[in-house]
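To keep things clear, I will list the structure first and then write my remarks on it.
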Amino acid sequence: FGPGQETTAIPGYGAFSNGSTDLASIGYTHVLSASTLNEFRLGYSRNNSLSYNQAGPQAATYGFNTGWVPNSPLNLGNIPNLTMAGGLVSNTGSISNLGSNNNNPGGLSQNIIQVVDHFSHTTARHEFKFGVDTRNIRDNRFYDLDFIGQITFTGSANPQGIQNPLVDFAEGLANSSLHFVGDSHRSYRTTGYDFFAQDSLKLKPNLVLNYGLR
């Protein structure tokens, strides 16, 4: 859990970041003969991550129509990110912004299946090796950037001509706003194949030539 100091110095606008990694693998080595060997490995990994904002003041309570009802999943019903020109960004600025991190929520669920097989054969002068490495990657992710919305106050909109974003904020005069909608969920499937063949040729007792292709 982070207290939210990247976007505001006001308590109550933190963010949760959870993650886990699981790994599993098995291997089998088969000695076919005194000069021939086969090695097989199967691996699986799963990575999960999820970031979401701390529950805070609800947008609907204060008249913000973000399209999210109070207490929506992953706290998308929070008030928008209210950005003050020259406001707090990474602990700098004289005026604190207000609201949750507009980069949240986001998450990833990644599964990788790897199959590796190596075959080797040795003769009096040669050491042959062949192999294949296959990886199937399955990514499921979402990134709800600015789904809660962002409203910027610069101090240039108030009729009094006071260059102070807090004056614009008090009078409800925003300089700009940003709000994304839709479905950010994406699924990607990729499979990669790597092959190699190589040989170590003994030209002389003290000279060996290594060559191959990958």
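Going by the structure tokens order, chains are called A, B, ..., each with residues numbered from 1, while ligands are numbered from 1 in the order shown.
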
Taking a cut-off of 7 Å and counting only C-alpha atoms, can you build a table that, for each residue of region 129-206 of chain A near region 96-102 of chain A, reports the nearest atom pair and how far apart they are in Å (one decimal), sorted by chain then residue number, as JSON lines?
{"residue": "A:Leu145", "atom": "CA", "partner": "A:Asn102", "partner_atom": "CA", "distance": 6.1}
{"residue": "A:Asp146", "atom": "CA", "partner": "A:Asn102", "partner_atom": "CA", "distance": 4.9}
{"residue": "A:Ile148", "atom": "CA", "partner": "A:Asn102", "partner_atom": "CA", "distance": 6.3}
{"residue": "A:Gly149", "atom": "CA", "partner": "A:Asn102", "partner_atom": "CA", "distance": 6.7}
{"residue": "A:Gln150", "atom": "CA", "partner": "A:Asn102", "partner_atom": "CA", "distance": 6.9}

Would you export the selected residues with all heavy atoms as a PDB file, in the first residue's frame, please?
ATOM      1  N   LEU A 145      -6.636   3.885 -17.606  1.00  0.00           N
ATOM      2  CA  LEU A 145      -6.082   5.233 -17.495  1.00  0.00           C
ATOM      3  C   LEU A 145      -7.189   6.279 -17.607  1.00  0.00           C
ATOM      4  O   LEU A 145      -7.963   6.270 -18.566  1.00  0.00           O
ATOM      5  CB  LEU A 145      -5.040   5.457 -18.583  1.00  0.00           C
ATOM      6  CG  LEU A 145      -4.490   6.875 -18.732  1.00  0.00           C
ATOM      7  CD1 LEU A 145      -3.693   7.278 -17.493  1.00  0.00           C
ATOM      8  CD2 LEU A 145      -3.627   6.992 -19.994  1.00  0.00           C
ATOM      9  N   ASP A 146      -7.262   7.157 -16.629  1.00  0.00           N
ATOM     10  CA  ASP A 146      -8.216   8.269 -16.602  1.00  0.00           C
ATOM     11  C   ASP A 146      -9.671   7.820 -16.710  1.00  0.00           C
ATOM     12  O   ASP A 146     -10.522   8.553 -17.203  1.00  0.00           O
ATOM     13  CB  ASP A 146      -7.903   9.286 -17.707  1.00  0.00           C
ATOM     14  CG  ASP A 146      -6.879  10.312 -17.261  1.00  0.00           C
ATOM     15  OD1 ASP A 146      -6.993  10.812 -16.133  1.00  0.00           O
ATOM     16  OD2 ASP A 146      -5.960  10.606 -18.039  1.00  0.00           O
ATOM     17  N   ILE A 148     -11.382   7.370 -14.046  1.00  0.00           N
ATOM     18  CA  ILE A 148     -12.029   8.177 -13.015  1.00  0.00           C
ATOM     19  C   ILE A 148     -12.088   9.646 -13.436  1.00  0.00           C
ATOM     20  O   ILE A 148     -12.837  10.430 -12.850  1.00  0.00           O
ATOM     21  CB  ILE A 148     -11.312   8.063 -11.657  1.00  0.00           C
ATOM     22  CG1 ILE A 148      -9.893   8.644 -11.730  1.00  0.00           C
ATOM     23  CG2 ILE A 148     -11.294   6.640 -11.156  1.00  0.00           C
ATOM     24  CD1 ILE A 148      -9.221   8.760 -10.385  1.00  0.00           C
ATOM     25  N   GLY A 149     -11.287  10.012 -14.431  1.00  0.00           N
ATOM     26  CA  GLY A 149     -11.291  11.377 -14.937  1.00  0.00           C
ATOM     27  C   GLY A 149     -10.231  12.256 -14.298  1.00  0.00           C
ATOM     28  O   GLY A 149      -9.713  11.958 -13.219  1.00  0.00           O
ATOM     29  N   GLN A 150      -9.924  13.337 -14.984  1.00  0.00           N
ATOM     30  CA  GLN A 150      -8.954  14.308 -14.497  1.00  0.00           C
ATOM     31  C   GLN A 150      -9.442  15.714 -14.851  1.00  0.00           C
ATOM     32  O   GLN A 150      -9.823  15.975 -15.992  1.00  0.00           O
ATOM     33  CB  GLN A 150      -7.575  14.068 -15.102  1.00  0.00           C
ATOM     34  CG  GLN A 150      -6.496  15.008 -14.590  1.00  0.00           C
ATOM     35  CD  GLN A 150      -5.139  14.718 -15.223  1.00  0.00           C
ATOM     36  OE1 GLN A 150      -5.066  14.213 -16.330  1.00  0.00           O
ATOM     37  NE2 GLN A 150      -4.069  15.023 -14.517  1.00  0.00           N
TER      38      GLN A 150
END

Write out as a VMD selection string the residues lying within 8 Å of region 131-140 of chain A, counting only C-alpha atoms and excluding same-chain residues fewer than 6 positions away. chain A and resid 108 to 119 185 to 197

For a quick check of understanding, using only C-alpha atoms, which of A:Trp68, A:Phe147, A:Phe128, A:Phe153 has the smallest distance to Phe180 (chain A)? A:Phe147

Please identify all polymer residues within 9 Å of region 73-77 of chain A, counting only C-alpha atoms, omitting same-chain residues fewer than 3 positions from it, and present them as a ChimeraX atom specification. /A:51-60,66-70,80,104-105,147-148

Write out as a JSON list (two decimals) with C-alpha atoms, in the first residue's frame each polymer residue whose atoms come within 8 Å of Thr21 (chain A), counting only C-alpha atoms; drop sequence neighbours fewer than 6 positions from it.
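For reference, out-v5.json as written:
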[["chain", "number", "residue", "atom", "x", "y", "z"],
["A", 45, "SER", "CA", 5.30, -19.45, -14.76],
["A", 46, "ARG", "CA", 2.41, -17.22, -13.79],
["A", 47, "ASN", "CA", 2.69, -13.53, -12.93],
["A", 48, "ASN", "CA", -0.18, -11.55, -11.46]]

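With CA of Phe40 (chain A) on one side and CA of Ser25 (chain A) on the other, the separation reads 10.7 Å.
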
Based on DSSP run over this structure's backbone, return all residues of region 48-131 of chain A in strand (DSSP E), as a ChimeraX atom specification. /A:48-53,81-84,106-122,126-131

So the first atom is CA of Ala85 (chain A) and the second is CA of Gly161 (chain A); what is the distance between them in Å, to one decimal place?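 We find that CA of Ala85 (chain A) and CA of Gly161 (chain A) lie 15.2 Å from each other.
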
With only C-alpha atoms as the basis for distance, which of A:Thr8, A:Glu39, A:Gly27, A:Pro205 is at the shortest distance from His121 (chain A)?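 Using only C-alpha atoms, the shortest distance to His121 (chain A) belongs to A:Glu39.
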
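Our summary of the geometry notes that CA of Thr61 (chain A) is positioned 9.5 Å from CA of Asn78 (chain A).
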
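If only C-alpha atoms are the atoms counted, then among A:Gln160, A:Gly106, A:Lys204, A:Pro11 the closest residue to Ser184 (chain A) is A:Gly106.
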
Could you give me the residues within chain A that DSSP places in alpha helix (DSSP H), as a list in words?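 Matching residues for alpha helix (DSSP H) in chain A are Pro165, Leu166, Val167, Asp168, Phe169 and Ala170 of chain A.
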